[in-house]
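Colleague: My structure is below; once you've seen it, I'll send some questions.
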Amino acid sequence: MEYYVHPSAIVDTKKIGKNSRIWAFVHILSEVEIGENCNICDHCFIEQKVEIGNDVTIKSGIYIWEGVKLEDNVFLGPNVVFTNDARPRSKQYIESVPILIKKGASIGANSTVLAGVVVGEYAMTGIGSVITKDVPNHALVYGNPAKIKGWVDKEGNKLSLLENNIYQSQNGSKFILTEKGMQEL
């Protein structure tokens with residue numbers, strides 16, 4: 001078997017990568033693309049034109065709306081909320097506003113991501129965060145609205161300031177703070 005779909009799931013797409021697992025009470029529409037080795041937990045809904053990279057974990061209770069793109073190695077905690085409409089009104093359908101979650105980013109449980117936001121590579125949001133603007137690479141953000149509270153490495157460990165915008169991880173890796181966030185040296 002190339003991938004696993006629980007018998008209670010409704011999966012209309014045929015674009016599912018090897019070794020991906022789709023669990024109970026999940027509904028995935030036909031124009032969704034799912035990469036390899038993904039895990040989509042119980043009670044999720046994934047709307048048309050969503051792109052999911054490789055090695056993505058989507059925990060329970062998440063609805064992913066049109067225009068959301070999850071790059072490789074993204075983690076979504078339980079009950080993350082995406083909004084894809086900047087000015088929602090009943091029975092007024094406008095083009096969705098895209099959201100991009102970049103490679104390696106983690107979104108904490110019960111966080112809300114506003115339409116049009118980009119969450120940078122390896123960034124991490126704390127639980128219950130309200131993400132109203134772009135998050136730089138490797139940033140640790142939390143709160144309402146979410147604000148930068150520190151910086152993390154690829155494993156999620158906090159970085160320590162060494163000197164003049166140079167930071168170090170617990171494993172000895174060094175980073176420099178740039179306009180786009182942290183960049184590994």
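Order determines the names: the first chain of the structure tokens is A, the second B, and so forth; residues in each chain are numbered 1 upward, and ligands are numbered 1 upward as they are shown.
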Show me, as a list of chain:residue names, the residues that have an atom within 9 Å of Met124 of chain A when counting only C-alpha atoms, minus same-chain residues fewer than 4 positions from it.

Modeller: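 What passes the distance filter is A:Gly104, A:Ala105, A:Ser106, A:Ile107, A:Gly108, A:Val119, A:Gly120, A:Val135, A:His138, A:Ala139, A:Leu140, A:Val141, A:Tyr142, A:Trp151, A:Val152, A:Gly156.
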
Colleague: Within 10 Å of segment 50-54 of chain A, counting only C-alpha atoms, which residues show up once you throw out same-chain ones fewer than 5 positions away? Write them as an MDAnalysis selection string, please.

Modeller: chainID A and resid 16:18 20 28:39 64:74 98:103

Colleague: Can I get the selection written as an mmCIF file, in the first residue's frame, with C-alpha atoms?

Modeller:
data_model
loop_
_atom_site.group_PDB
_atom_site.id
_atom_site.type_symbol
_atom_site.label_atom_id
_atom_site.label_comp_id
_atom_site.auth_asym_id
_atom_site.auth_seq_id
_atom_site.Cartn_x
_atom_site.Cartn_y
_atom_site.Cartn_z
ATOM 1 C CA ILE A 16 -1.228 11.509 -1.964
ATOM 2 C CA GLY A 17 2.447 10.705 -1.456
ATOM 3 C CA LYS A 18 3.909 7.408 -0.261
ATOM 4 C CA SER A 20 1.186 9.258 4.249
ATOM 5 C CA ILE A 28 -10.115 15.984 1.903
ATOM 6 C CA LEU A 29 -11.392 17.545 -1.332
ATOM 7 C CA SER A 30 -10.281 16.586 -4.844
ATOM 8 C CA GLU A 31 -7.801 19.366 -5.686
ATOM 9 C CA VAL A 32 -5.589 18.852 -2.624
ATOM 10 C CA GLU A 33 -1.968 17.752 -3.008
ATOM 11 C CA ILE A 34 -0.399 15.782 -0.133
ATOM 12 C CA GLY A 35 3.302 14.924 -0.052
ATOM 13 C CA GLU A 36 5.071 11.835 1.227
ATOM 14 C CA ASN A 37 5.188 10.666 4.844
ATOM 15 C CA CYS A 38 2.475 13.043 6.095
ATOM 16 C CA ASN A 39 0.244 12.378 9.090
ATOM 17 C CA ILE A 64 -7.322 24.060 6.146
ATOM 18 C CA TRP A 65 -8.949 26.421 3.664
ATOM 19 C CA GLU A 66 -8.198 27.168 0.014
ATOM 20 C CA GLY A 67 -4.986 29.127 -0.482
ATOM 21 C CA VAL A 68 -2.985 27.547 2.335
ATOM 22 C CA LYS A 69 0.392 26.058 1.453
ATOM 23 C CA LEU A 70 2.380 23.989 3.935
ATOM 24 C CA GLU A 71 5.979 23.367 2.906
ATOM 25 C CA ASP A 72 8.019 20.305 3.977
ATOM 26 C CA ASN A 73 8.391 19.344 7.659
ATOM 27 C CA VAL A 74 5.649 21.668 8.936
ATOM 28 C CA PRO A 98 -3.002 32.839 0.534
ATOM 29 C CA ILE A 99 -1.162 31.720 3.664
ATOM 30 C CA LEU A 100 2.321 30.197 3.464
ATOM 31 C CA ILE A 101 3.869 28.135 6.241
ATOM 32 C CA LYS A 102 7.503 27.610 5.266
ATOM 33 C CA LYS A 103 9.749 24.600 5.674
#

Colleague: In Å, rounded to a single decimal, give me how far atom CA of Asn144 of chain A is from atom CA of Ser129 of chain A.

Modeller: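 It comes out at 5.8 Å.
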
Colleague: Determine, counting only C-alpha atoms, which protein, DNA and RNA residues have an atom within 6 Å of an atom of Ile176 of chain A; residues of the same chain fewer than 2 positions away are not included. Present the result as a PyMOL selection string.

Modeller: chain A and resi 165-166+182-183

Colleague: Next, write the just-selected residues to a file, as a tab-separated table (two decimals), in the first residue's frame, keeping C-alpha atoms as the atom set.

Modeller:
chain	number	residue	atom	x	y	z
A	165	ASN	CA	23.53	39.93	15.95
A	166	ILE	CA	25.40	36.61	16.19
A	182	MET	CA	17.94	34.22	11.42
A	183	GLN	CA	20.31	32.72	8.89

Colleague: Show which residues sit within 12 Å of Val97 of chain A, as a list in words. Count only C-alpha atoms, and ignore same-chain residues fewer than 5 positions away.

Modeller: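 Near Val97 of chain A, the qualifying residues are Trp65, Glu66, Gly67, Val68, Lys69, Phe82, Thr83, Asn84, Asp85, Ala86, Arg87, Pro88, Val113, Leu114, Ala115, Gly116, Val117 and Val118 of chain A.
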
Colleague: Between A:Val56, A:Leu177, A:Ile46, A:Ala24, which one has atoms that come closest to Val81 of chain A, using only C-alpha atoms?

Modeller: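 Among the listed residues, the smallest separation from Val81 of chain A belongs to A:Ile46.
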